[in-house]
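Peer 1: Here you go, this is input-v9.cif (mmCIF, C-alpha atoms).
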```
data_run
#
loop_
_atom_site.label_atom_id
_atom_site.label_comp_id
_atom_site.auth_asym_id
_atom_site.auth_seq_id
_atom_site.Cartn_x
_atom_site.Cartn_y
_atom_site.Cartn_z
CA MET K 792 26.86 266.23 141.29
CA ALA K 793 23.99 268.56 142.08
CA LEU K 794 25.72 271.35 140.15
CA TYR K 795 26.45 269.25 137.06
CA PRO K 796 23.10 269.86 135.27
CA LEU K 797 23.65 273.61 135.55
CA TRP K 798 27.27 273.23 134.45
CA PHE K 799 26.18 271.15 131.46
CA VAL K 800 23.64 273.81 130.44
CA LEU K 801 26.41 276.41 130.58
CA ILE K 802 28.96 274.48 128.52
CA ALA K 803 26.30 273.34 126.06
CA SER K 804 25.24 276.95 125.45
CA VAL K 805 28.76 277.84 124.25
CA SER K 806 29.66 274.59 122.48
CA ASN K 807 29.42 273.47 118.90
CA PRO K 808 25.75 272.37 118.54
CA SER K 809 26.61 269.38 116.35
CA ASP K 810 28.88 268.01 119.08
CA ILE K 811 26.02 268.33 121.57
CA PHE K 812 23.72 266.28 119.37
CA LEU K 813 26.45 263.67 118.87
CA GLY K 814 26.97 263.37 122.65
CA ARG K 815 30.54 264.66 122.66
CA VAL K 816 30.00 267.33 125.33
CA PHE K 817 30.32 266.12 128.93
CA VAL K 818 32.58 268.21 131.16
CA ILE K 819 34.30 270.81 129.01
CA PRO K 820 32.81 272.82 126.14
CA SER K 821 33.52 271.89 122.55
CA GLY K 822 34.83 275.05 120.95
CA LEU K 823 33.59 278.48 121.95
CA ASN K 824 30.37 279.68 120.36
CA LEU K 825 28.82 282.85 121.84
CA GLU K 826 26.25 283.24 119.08
CA ALA K 827 23.37 282.27 121.37
CA TYR K 828 24.27 284.92 123.94
CA GLU K 829 24.65 287.54 121.21
CA LYS K 830 21.15 286.76 119.98
CA LEU K 831 19.90 286.69 123.55
CA TRP K 832 21.36 290.13 124.21
CA ASN K 833 19.59 291.51 121.15
CA THR K 834 16.20 289.97 122.00
CA PRO K 835 14.12 292.58 123.90
CA LYS K 836 11.47 289.99 124.75
CA ILE K 837 13.93 288.11 126.96
CA TRP K 838 14.85 291.17 128.99
CA THR K 839 11.21 292.21 129.33
CA GLY K 840 10.46 288.80 130.81
CA TYR K 841 13.53 289.09 133.03
CA ARG K 842 12.36 292.46 134.36
CA ASN K 843 8.86 291.14 134.97
CA SER K 844 10.12 288.06 136.83
CA ILE K 845 12.34 290.17 139.09
CA LEU K 846 9.42 292.50 139.84
CA TYR K 847 6.96 289.66 140.52
CA THR K 848 9.48 287.84 142.72
CA ALA K 849 10.41 290.92 144.74
CA VAL K 850 6.84 292.11 145.32
CA GLY K 851 5.47 288.63 145.88
CA THR K 852 8.17 287.63 148.38
CA LEU K 853 7.74 290.89 150.29
CA ILE K 854 4.00 290.29 150.57
CA ASN K 855 4.60 286.66 151.59
CA LEU K 856 6.91 287.61 154.45
CA THR K 857 4.69 290.50 155.54
CA VAL K 858 1.73 288.13 155.89
CA THR K 859 3.45 284.92 157.04
CA LEU K 860 5.71 286.14 159.85
CA PRO K 861 3.10 288.08 161.88
CA ALA K 862 0.60 285.24 161.47
CA ALA K 863 3.15 282.67 162.63
CA PHE K 864 4.19 284.77 165.60
CA ALA K 865 0.60 285.36 166.69
CA LEU K 866 -0.21 281.64 166.50
CA SER K 867 2.92 280.80 168.49
CA ARG K 868 1.60 282.71 171.50
CA LYS K 869 -0.18 280.35 173.88
CA ALA K 870 -2.31 283.21 175.20
CA LEU K 871 -4.00 283.72 171.81
CA PRO K 872 -7.73 282.86 172.13
CA GLY K 873 -8.80 280.09 169.75
CA ARG K 874 -5.19 279.36 168.81
CA GLY K 875 -5.78 275.67 168.12
CA ILE K 876 -8.91 276.24 166.02
CA ILE K 877 -7.22 278.93 163.93
CA SER K 878 -4.24 276.65 163.34
CA MET K 879 -6.59 273.90 162.14
CA PHE K 880 -8.02 276.27 159.53
CA PHE K 881 -4.52 276.77 158.12
CA ILE K 882 -3.80 273.04 158.17
CA PHE K 883 -7.11 272.39 156.40
CA THR K 884 -5.93 274.46 153.41
CA MET K 885 -2.90 272.16 153.04
CA ILE K 886 -5.23 269.21 152.44
CA PHE K 887 -8.16 270.76 150.57
CA SER K 888 -8.35 273.65 148.14
CA GLY K 889 -11.06 275.37 146.17
CA GLY K 890 -9.67 274.15 142.86
CA LEU K 891 -8.58 275.90 139.71
CA ILE K 892 -11.94 277.07 138.36
CA PRO K 893 -13.27 278.64 141.60
CA THR K 894 -9.89 280.32 142.12
CA PHE K 895 -9.94 281.71 138.58
CA MET K 896 -13.48 283.01 139.04
CA LEU K 897 -12.47 284.70 142.29
CA VAL K 898 -9.41 286.33 140.72
CA ARG K 899 -11.49 287.48 137.76
CA SER K 900 -14.23 288.91 140.01
CA LEU K 901 -11.56 290.91 141.86
CA HIS K 902 -10.36 292.32 138.50
CA MET K 903 -6.83 291.00 138.99
CA VAL K 904 -6.54 289.09 135.69
CA ASP K 905 -3.58 290.24 133.56
CA SER K 906 -1.99 292.07 136.48
CA ILE K 907 0.78 291.43 138.96
CA TRP K 908 -1.78 290.97 141.74
CA ALA K 909 -3.05 287.74 140.20
CA LEU K 910 0.44 286.27 140.76
CA VAL K 911 1.15 287.54 144.28
CA ILE K 912 -2.17 287.88 146.16
CA PRO K 913 -3.82 284.40 145.88
CA GLY K 914 -0.68 282.71 147.24
CA ALA K 915 0.24 285.41 149.73
CA LEU K 916 0.51 282.87 152.54
CA SER K 917 1.80 279.32 152.41
CA ALA K 918 0.42 277.30 155.32
CA PHE K 919 3.50 275.07 155.21
CA ASN K 920 5.91 278.00 155.56
CA MET K 921 3.72 279.59 158.21
CA LEU K 922 3.84 276.40 160.30
CA ILE K 923 7.63 276.28 159.99
CA ALA K 924 7.85 279.88 161.22
CA LYS K 925 5.38 279.13 164.01
CA SER K 926 7.44 276.14 165.12
CA PHE K 927 10.56 278.29 165.27
CA PHE K 928 8.89 281.08 167.24
CA GLU K 929 7.67 278.45 169.73
CA GLY K 930 10.92 276.54 170.19
CA GLY K 931 13.65 278.86 168.94
CA ILE K 932 12.92 281.88 171.14
CA PRO K 933 12.99 281.22 174.90
CA GLU K 934 9.81 282.16 176.70
CA SER K 935 11.92 283.90 179.35
CA ILE K 936 12.96 286.54 176.80
CA TYR K 937 9.34 287.23 175.98
CA GLU K 938 8.38 287.48 179.64
CA ALA K 939 11.32 289.77 180.43
CA ALA K 940 10.44 292.08 177.55
CA ILE K 941 6.81 292.30 178.63
CA ILE K 942 7.83 293.02 182.24
CA ASP K 943 10.09 295.82 181.00
CA GLY K 944 7.10 297.40 179.29
CA ALA K 945 7.51 296.21 175.70
CA SER K 946 4.32 295.64 173.76
CA LYS K 947 3.74 292.54 171.65
CA PHE K 948 4.48 294.54 168.51
CA GLN K 949 7.75 295.85 169.98
CA PHE K 950 8.80 292.34 170.99
CA PHE K 951 8.01 291.05 167.51
CA PHE K 952 10.05 293.70 165.68
CA ARG K 953 12.89 294.22 168.20
CA PHE K 954 13.41 290.68 169.48
CA ALA K 955 11.58 287.99 167.49
CA LEU K 956 12.65 289.05 164.01
CA PRO K 957 16.34 289.70 164.81
CA LEU K 958 16.56 286.30 166.55
CA SER K 959 14.91 284.55 163.59
CA LYS K 960 17.33 285.36 160.77
CA ALA K 961 17.92 281.70 159.88
CA MET K 962 14.22 280.93 159.66
CA ILE K 963 13.47 284.11 157.71
CA ALA K 964 16.28 283.35 155.24
CA VAL K 965 14.94 279.86 154.54
CA ILE K 966 11.34 281.02 154.13
CA PHE K 967 12.51 283.93 151.98
CA LEU K 968 14.34 281.48 149.71
CA TYR K 969 11.34 279.14 149.52
CA TYR K 970 9.03 281.98 148.51
CA ALA K 971 11.50 283.58 146.10
CA LEU K 972 12.14 280.29 144.29
CA SER K 973 8.41 279.65 144.08
CA HIS K 974 7.75 283.02 142.44
CA TRP K 975 10.78 282.88 140.16
CA ASN K 976 9.94 279.41 138.84
CA ASP K 977 6.17 279.96 138.66
CA TYR K 978 4.90 279.09 135.21
CA PHE K 979 1.36 277.78 135.50
CA THR K 980 -0.10 280.80 137.34
CA ALA K 981 1.28 283.23 134.78
CA LEU K 982 0.06 281.01 131.96
CA ILE K 983 -3.50 281.23 133.30
CA TYR K 984 -3.77 284.87 134.30
CA ILE K 985 -1.28 286.90 132.23
CA ARG K 986 -2.58 287.77 128.77
CA THR K 987 -0.44 290.74 127.66
CA PRO K 988 2.92 289.66 126.15
CA ASP K 989 4.78 292.58 127.77
CA LYS K 990 3.65 291.37 131.22
CA GLN K 991 4.76 287.76 130.81
CA PRO K 992 7.49 286.50 133.19
CA LEU K 993 10.67 284.82 132.06
CA THR K 994 9.28 281.32 132.59
CA ILE K 995 6.69 281.87 129.86
CA ILE K 996 9.35 283.24 127.50
CA ILE K 997 11.57 280.23 128.17
CA SER K 998 8.72 277.82 127.53
CA GLN K 999 8.08 279.49 124.19
CA LEU K 1000 11.73 279.27 123.20
CA VAL K 1001 12.16 275.63 124.20
CA ALA K 1002 8.97 274.59 122.43
CA THR K 1003 9.45 272.22 119.53
CA VAL K 1004 9.96 273.83 116.16
CA ASP K 1005 6.96 273.52 113.88
CA THR K 1006 7.69 270.44 111.75
CA THR K 1007 5.55 271.81 108.95
CA LEU K 1008 7.79 274.86 108.74
CA LEU K 1009 10.90 272.68 108.66
CA GLU K 1010 9.50 270.57 105.83
CA THR K 1011 9.13 273.64 103.64
CA MET K 1012 12.73 274.74 104.22
CA PRO K 1013 15.87 273.46 102.52
CA SER K 1014 17.63 270.84 104.63
CA GLU K 1015 20.64 273.06 105.32
CA GLU K 1016 18.49 275.96 106.53
CA ALA K 1017 16.35 273.64 108.66
CA TYR K 1018 19.47 272.16 110.26
CA HIS K 1019 20.86 275.63 110.99
CA LEU K 1020 17.54 276.67 112.55
CA LEU K 1021 17.50 273.60 114.80
CA MET K 1022 21.10 274.25 115.89
CA GLU K 1023 20.36 277.91 116.58
CA ARG K 1024 17.29 277.15 118.66
CA SER K 1025 19.17 274.47 120.58
CA LEU K 1026 21.86 276.90 121.68
CA MET K 1027 19.23 279.52 122.54
CA LYS K 1028 17.44 277.01 124.78
CA TYR K 1029 20.55 276.32 126.80
CA ALA K 1030 21.53 279.98 126.98
CA VAL K 1031 18.16 281.27 128.15
CA VAL K 1032 17.85 278.52 130.77
CA PHE K 1033 21.26 279.41 132.21
CA VAL K 1034 20.58 283.14 132.18
CA GLY K 1035 17.24 282.50 133.89
CA ALA K 1036 18.98 280.67 136.74
CA ILE K 1037 21.56 283.41 137.43
CA PRO K 1038 19.52 285.44 140.00
CA MET K 1039 18.93 282.43 142.23
CA ILE K 1040 22.59 281.40 141.86
CA LEU K 1041 23.69 284.86 143.01
CA LEU K 1042 21.18 284.87 145.86
CA TYR K 1043 22.26 281.54 147.37
CA PRO K 1044 25.74 282.57 148.72
CA PHE K 1045 24.21 285.41 150.75
CA LEU K 1046 21.78 282.99 152.44
CA GLN K 1047 24.07 279.96 152.68
CA LYS K 1048 25.24 280.61 156.25
CA TYR K 1049 21.63 280.54 157.44
CA LEU K 1050 20.49 277.54 155.43
CA ILE K 1051 22.31 274.83 157.39
CA GLN K 1052 20.57 275.92 160.57
CA GLY K 1053 17.31 277.00 159.02
CA VAL K 1054 16.69 274.04 156.71
CA MET K 1055 16.19 271.81 159.77
CA LEU K 1056 13.45 274.00 161.23
CA GLY K 1057 10.70 271.68 160.09
CA ALA K 1058 12.43 268.50 161.25
CA VAL K 1059 10.99 266.33 163.97
CA LYS K 1060 12.76 266.95 167.27
CA GLY K 1061 13.28 264.06 169.68
#
```
Take the structure I supplied and represent it as structure tokens, if you would.
Peer 2:
Amino acid sequence: MALYPLWFVLIASVSNPSDIFLGRVFVIPSGLNLEAYEKLWNTPKIWTGYRNSILYTAVGTLINLTVTLPAAFALSRKALPGRGIISMFFIFTMIFSGGLIPTFMLVRSLHMVDSIWALVIPGALSAFNMLIAKSFFEGGIPESIYEAAIIDGASKFQFFFRFALPLSKAMIAVIFLYYALSHWNDYFTALIYIRTPDKQPLTIIISQLVATVDTTLLETMPSEEAYHLLMERSLMKYAVVFVGAIPMILLYPFLQKYLIQGVMLGAVKG
């Protein structure tokens, strides 16, 4: 049942639009209409947004993991001075934030408006994901392995890269997916900071396409042309939503074997 909404979007994008409006499309498509995908293929704006979203997601997720994993590992070490106080600072950010206006003023003062950095730097670390990683490093990696590595002469950095990360594939996969989905679906941040149309991500393009047609424009058009325009835009909405979901659909099978184990990392253990 969880896949049905996506399946409906797919069959609706290739069905007869009048049958969709009449509620005749449920499980199988009505006819075969590829007009929406033809128009989508010939719309450069869509592919520009696609390219931007892939770039923002890749760079943002890489920065997220680069910041989150070392921070979580450091806080998982009981020998870290001030470990509890530092952890409280992270937890504090989960409850209180500076707000939209102070954040915007900070981003503007750093000259990051209308650039990729406005989308990937302010949210470089999620305290929630960091605490999940910290919990795994504490309970998922036996302390005896750490002690043995240190006795054999490994430094903390060597233990982190050679032991901690390879033993944490499930946790890394889950956090990677959380961050990637967050960047791919991000709409509000791009709406605030991205001004240049060629830098807009796919979420902004989709929102523009699914926006309601101007009723004033429809009133000035003949009824047949207005109906055709509504049908055309309806198919385009379904098509662009499905195309926008493809990267995450393709990513899921590669991470699936880690998700069953990793999704329970934040659960309460008895």
Peer 1: Please write as a PyMOL selection string the full residue list that the PyMOL selection byres ((chain K and resi 824) around 9) yields on this file.
Peer 2: chain K and resi 804-808+821-823+825-828
Peer 1: Give me the residues near K:Thr994 as a PyMOL selection string, where near means some atom within 7 Å (using all atoms listed in the file) and where sequence neighbours in that chain fewer than 5 positions away do not count.
Peer 2: chain K and resi 976-978
Peer 1: Identify the residues around (19.8, 273.7, 132.2) within a radius of 9 Å, measuring from only C-alpha atoms in the coordinates stated by the file, and give them as a ChimeraX atom specification.
Peer 2: /K:796-801,803,1028-1033,1036
Peer 1: So, with only C-alpha atoms as the atoms that count, which of K:Ile837, K:Leu982, K:Arg1024, K:Ala940 lies closest to K:Val904?
Peer 2: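 Checking each of K:Ile837, K:Leu982, K:Arg1024, K:Ala940 against K:Val904, counting only C-alpha atoms, the winner is K:Leu982.
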Peer 1: State, in Å with one decimal place, the distance from atom CA of K:Trp975 to atom CA of K:Ile997.
Peer 2: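 We find that atom CA of K:Trp975 and atom CA of K:Ile997 lie 12.3 Å from each other.
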Peer 1: I'd like the contact shell of K:Trp908 - 12 Å cut-off, all atoms listed in the file, skipping same-chain residues fewer than 6 positions apart - returned as number ranges by chain.
Peer 2: K: 846-848, 850-851, 854, 898-899, 901-902, 914-915, 980-981, 984-985, 990
Peer 1: Evaluate the PyMOL selection byres ((chain K and resi 924) around 10) here and jot the selected residues down as a short mmCIF file (atom, residue, chain, number, x, y, z; two decimals) with C-alpha atoms, in the frame of the given file.
Peer 2:
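Written output follows (part-v1.cif):
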```
data_model
loop_
_atom_site.label_atom_id
_atom_site.label_comp_id
_atom_site.auth_asym_id
_atom_site.auth_seq_id
_atom_site.Cartn_x
_atom_site.Cartn_y
_atom_site.Cartn_z
CA THR K 859 3.45 284.92 157.04
CA LEU K 860 5.71 286.14 159.85
CA PRO K 861 3.10 288.08 161.88
CA ALA K 862 0.60 285.24 161.47
CA ALA K 863 3.15 282.67 162.63
CA PHE K 864 4.19 284.77 165.60
CA LEU K 866 -0.21 281.64 166.50
CA SER K 867 2.92 280.80 168.49
CA ALA K 918 0.42 277.30 155.32
CA PHE K 919 3.50 275.07 155.21
CA ASN K 920 5.91 278.00 155.56
CA MET K 921 3.72 279.59 158.21
CA LEU K 922 3.84 276.40 160.30
CA ILE K 923 7.63 276.28 159.99
CA LYS K 925 5.38 279.13 164.01
CA SER K 926 7.44 276.14 165.12
CA PHE K 927 10.56 278.29 165.27
CA PHE K 928 8.89 281.08 167.24
CA GLU K 929 7.67 278.45 169.73
CA GLY K 931 13.65 278.86 168.94
CA SER K 959 14.91 284.55 163.59
CA MET K 962 14.22 280.93 159.66
CA ILE K 963 13.47 284.11 157.71
CA VAL K 965 14.94 279.86 154.54
CA ILE K 966 11.34 281.02 154.13
CA LEU K 1056 13.45 274.00 161.23
CA GLY K 1057 10.70 271.68 160.09
#
```
Peer 1: What does the distance from atom CA of K:Gly840 to atom CA of K:Pro988 come to in Å, to one decimal?
Peer 2: 8.9 Å
Peer 1: Restricting the calculation to all atoms listed in the file, which member of K:Leu856, K:Ile877, K:Leu897, K:Ile942 is positioned closest to K:Leu916?
Peer 2: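 Under the stated criterion, the closest residue is K:Leu856.
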Peer 1: Smallest atom-to-atom distance to K:Leu1000: which of K:Ser888, K:Ala865, K:Leu831, K:Phe817, using only C-alpha atoms?
Peer 2: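 The answer is K:Leu831, which sits nearest to K:Leu1000.
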Peer 1: I'd like to know which of K:Thr839, K:Gln1047, K:Ser917, K:Ser935 is closest to K:Ser973, using all atoms listed in the file.
Peer 2: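 For K:Ser973, the nearest of the given residues is K:Ser917.
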Peer 1: Extending 8 Å beyond the listed atoms of stretch 952-959 of chain K on each side, what axis-aligned box results? I want centre and edge lengths in Å to one decimal, as AutoDock Vina command-line options.
Peer 2:
```
--center_x 13.3 --center_y 289.4 --center_z 166.5 --size_x 22.5 --size_y 25.7 --size_z 21.9
```
Peer 1: If you apply the PyMOL selection byres ((chain K and resi 954) around 12) to this file, what residues do you get, as JSON, numbers by chain?
Peer 2: {"K": [864, 928, 931, 932, 933, 934, 936, 937, 938, 939, 940, 941, 945, 946, 947, 948, 949, 950, 951, 952, 953, 955, 956, 957, 958, 959, 960]}
Peer 1: Please indicate the distance in Å from atom CA of K:Pro992 to atom CA of K:Asn843, rounded to one decimal place.
Peer 2: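 So the two atoms, atom CA of K:Pro992 and atom CA of K:Asn843, lie 5.2 Å apart.
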Peer 1: Could you check the closest approach to K:His974 for each of K:Leu993, K:Leu1046, K:Leu891, K:Leu1041 and tell me which residue wins, using all atoms listed in the file?
Peer 2: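 With all atoms listed in the file as the atom set, the closest residue is K:Leu993.
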Peer 1: Between K:Phe1045, K:Phe895, K:Phe979, K:Phe887, which has the minimum distance to K:Ala964 (counting all atoms listed in the file)?
Peer 2: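 Answer, going by the shortest atom-to-atom distance: K:Phe1045.
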Peer 1: Could I get stretch 873-884 of chain K rebuilt with all heavy atoms, written as a CSV table (one decimal), in the coordinates of the input?
Peer 2:
```csv
chain,number,residue,atom,x,y,z
K,873,GLY,N,-8.5,280.9,170.9
K,873,GLY,CA,-8.8,280.1,169.8
K,873,GLY,C,-7.6,279.7,168.9
K,873,GLY,O,-7.7,279.4,167.7
K,874,ARG,N,-6.4,279.6,169.5
K,874,ARG,CA,-5.2,279.4,168.8
K,874,ARG,C,-5.2,278.0,168.1
K,874,ARG,O,-4.8,277.9,166.9
K,874,ARG,CB,-4.0,279.4,169.8
K,874,ARG,CG,-2.7,279.0,169.3
K,874,ARG,CD,-1.6,279.2,170.4
K,874,ARG,NE,-0.4,278.7,170.0
K,874,ARG,CZ,0.2,277.6,170.5
K,874,ARG,NH1,-0.6,276.9,171.4
K,874,ARG,NH2,1.3,277.1,170.2
K,875,GLY,N,-5.7,277.0,168.7
K,875,GLY,CA,-5.8,275.7,168.1
K,875,GLY,C,-6.7,275.6,167.0
K,875,GLY,O,-6.4,275.0,165.9
K,876,ILE,N,-7.9,276.2,167.1
K,876,ILE,CA,-8.9,276.2,166.0
K,876,ILE,C,-8.4,277.0,164.8
K,876,ILE,O,-8.5,276.5,163.7
K,876,ILE,CB,-10.2,276.8,166.5
K,876,ILE,CG1,-10.8,276.0,167.7
K,876,ILE,CG2,-11.2,277.0,165.4
K,876,ILE,CD1,-12.0,276.6,168.3
K,877,ILE,N,-7.8,278.1,165.0
K,877,ILE,CA,-7.2,278.9,163.9
K,877,ILE,C,-6.1,278.1,163.2
K,877,ILE,O,-6.1,278.1,162.0
K,877,ILE,CB,-6.7,280.3,164.4
K,877,ILE,CG1,-7.8,281.1,165.0
K,877,ILE,CG2,-6.0,281.0,163.3
K,877,ILE,CD1,-7.4,282.4,165.7
K,878,SER,N,-5.3,277.5,164.0
K,878,SER,CA,-4.2,276.6,163.3
K,878,SER,C,-4.8,275.5,162.5
K,878,SER,O,-4.3,275.2,161.4
K,878,SER,CB,-3.3,276.0,164.4
K,878,SER,OG,-2.7,277.0,165.2
K,879,MET,N,-5.9,275.0,162.9
K,879,MET,CA,-6.6,273.9,162.1
K,879,MET,C,-7.1,274.4,160.8
K,879,MET,O,-7.1,273.7,159.8
K,879,MET,CB,-7.7,273.3,162.9
K,879,MET,CG,-7.3,272.4,164.1
K,879,MET,SD,-6.2,271.0,163.5
K,879,MET,CE,-7.3,270.2,162.4
K,880,PHE,N,-7.6,275.7,160.8
K,880,PHE,CA,-8.0,276.3,159.5
K,880,PHE,C,-6.9,276.4,158.5
K,880,PHE,O,-7.1,276.1,157.3
K,880,PHE,CB,-8.6,277.7,159.8
K,880,PHE,CG,-10.0,277.7,160.2
K,880,PHE,CD1,-10.4,278.1,161.5
K,880,PHE,CD2,-11.1,277.2,159.4
K,880,PHE,CE1,-11.7,278.1,161.9
K,880,PHE,CE2,-12.4,277.2,159.8
K,880,PHE,CZ,-12.7,277.6,161.1
K,881,PHE,N,-5.7,276.7,159.0
K,881,PHE,CA,-4.5,276.8,158.1
K,881,PHE,C,-4.1,275.4,157.6
K,881,PHE,O,-3.8,275.2,156.5
K,881,PHE,CB,-3.3,277.4,158.8
K,881,PHE,CG,-3.4,278.9,159.0
K,881,PHE,CD1,-3.8,279.5,160.1
K,881,PHE,CD2,-3.1,279.7,157.9
K,881,PHE,CE1,-3.9,280.9,160.3
K,881,PHE,CE2,-3.2,281.1,158.0
K,881,PHE,CZ,-3.6,281.7,159.2
K,882,ILE,N,-4.1,274.4,158.5
K,882,ILE,CA,-3.8,273.0,158.2
K,882,ILE,C,-4.8,272.5,157.2
K,882,ILE,O,-4.4,271.7,156.3
K,882,ILE,CB,-3.7,272.2,159.4
K,882,ILE,CG1,-2.6,272.6,160.3
K,882,ILE,CG2,-3.5,270.7,159.1
K,882,ILE,CD1,-2.5,271.9,161.7
K,883,PHE,N,-6.1,272.9,157.3
K,883,PHE,CA,-7.1,272.4,156.4
K,883,PHE,C,-6.8,272.8,155.0
K,883,PHE,O,-7.0,272.0,154.0
K,883,PHE,CB,-8.5,273.0,156.8
K,883,PHE,CG,-9.6,272.5,156.0
K,883,PHE,CD1,-10.3,271.3,156.2
K,883,PHE,CD2,-10.1,273.3,154.9
K,883,PHE,CE1,-11.3,270.9,155.4
K,883,PHE,CE2,-11.1,272.9,154.1
K,883,PHE,CZ,-11.7,271.7,154.4
K,884,THR,N,-6.2,274.0,154.8
K,884,THR,CA,-5.9,274.5,153.4
K,884,THR,C,-4.8,273.7,152.8
K,884,THR,O,-4.6,273.7,151.6
K,884,THR,CB,-5.6,276.0,153.4
K,884,THR,OG1,-4.4,276.2,154.2
K,884,THR,CG2,-6.7,276.8,154.0
```
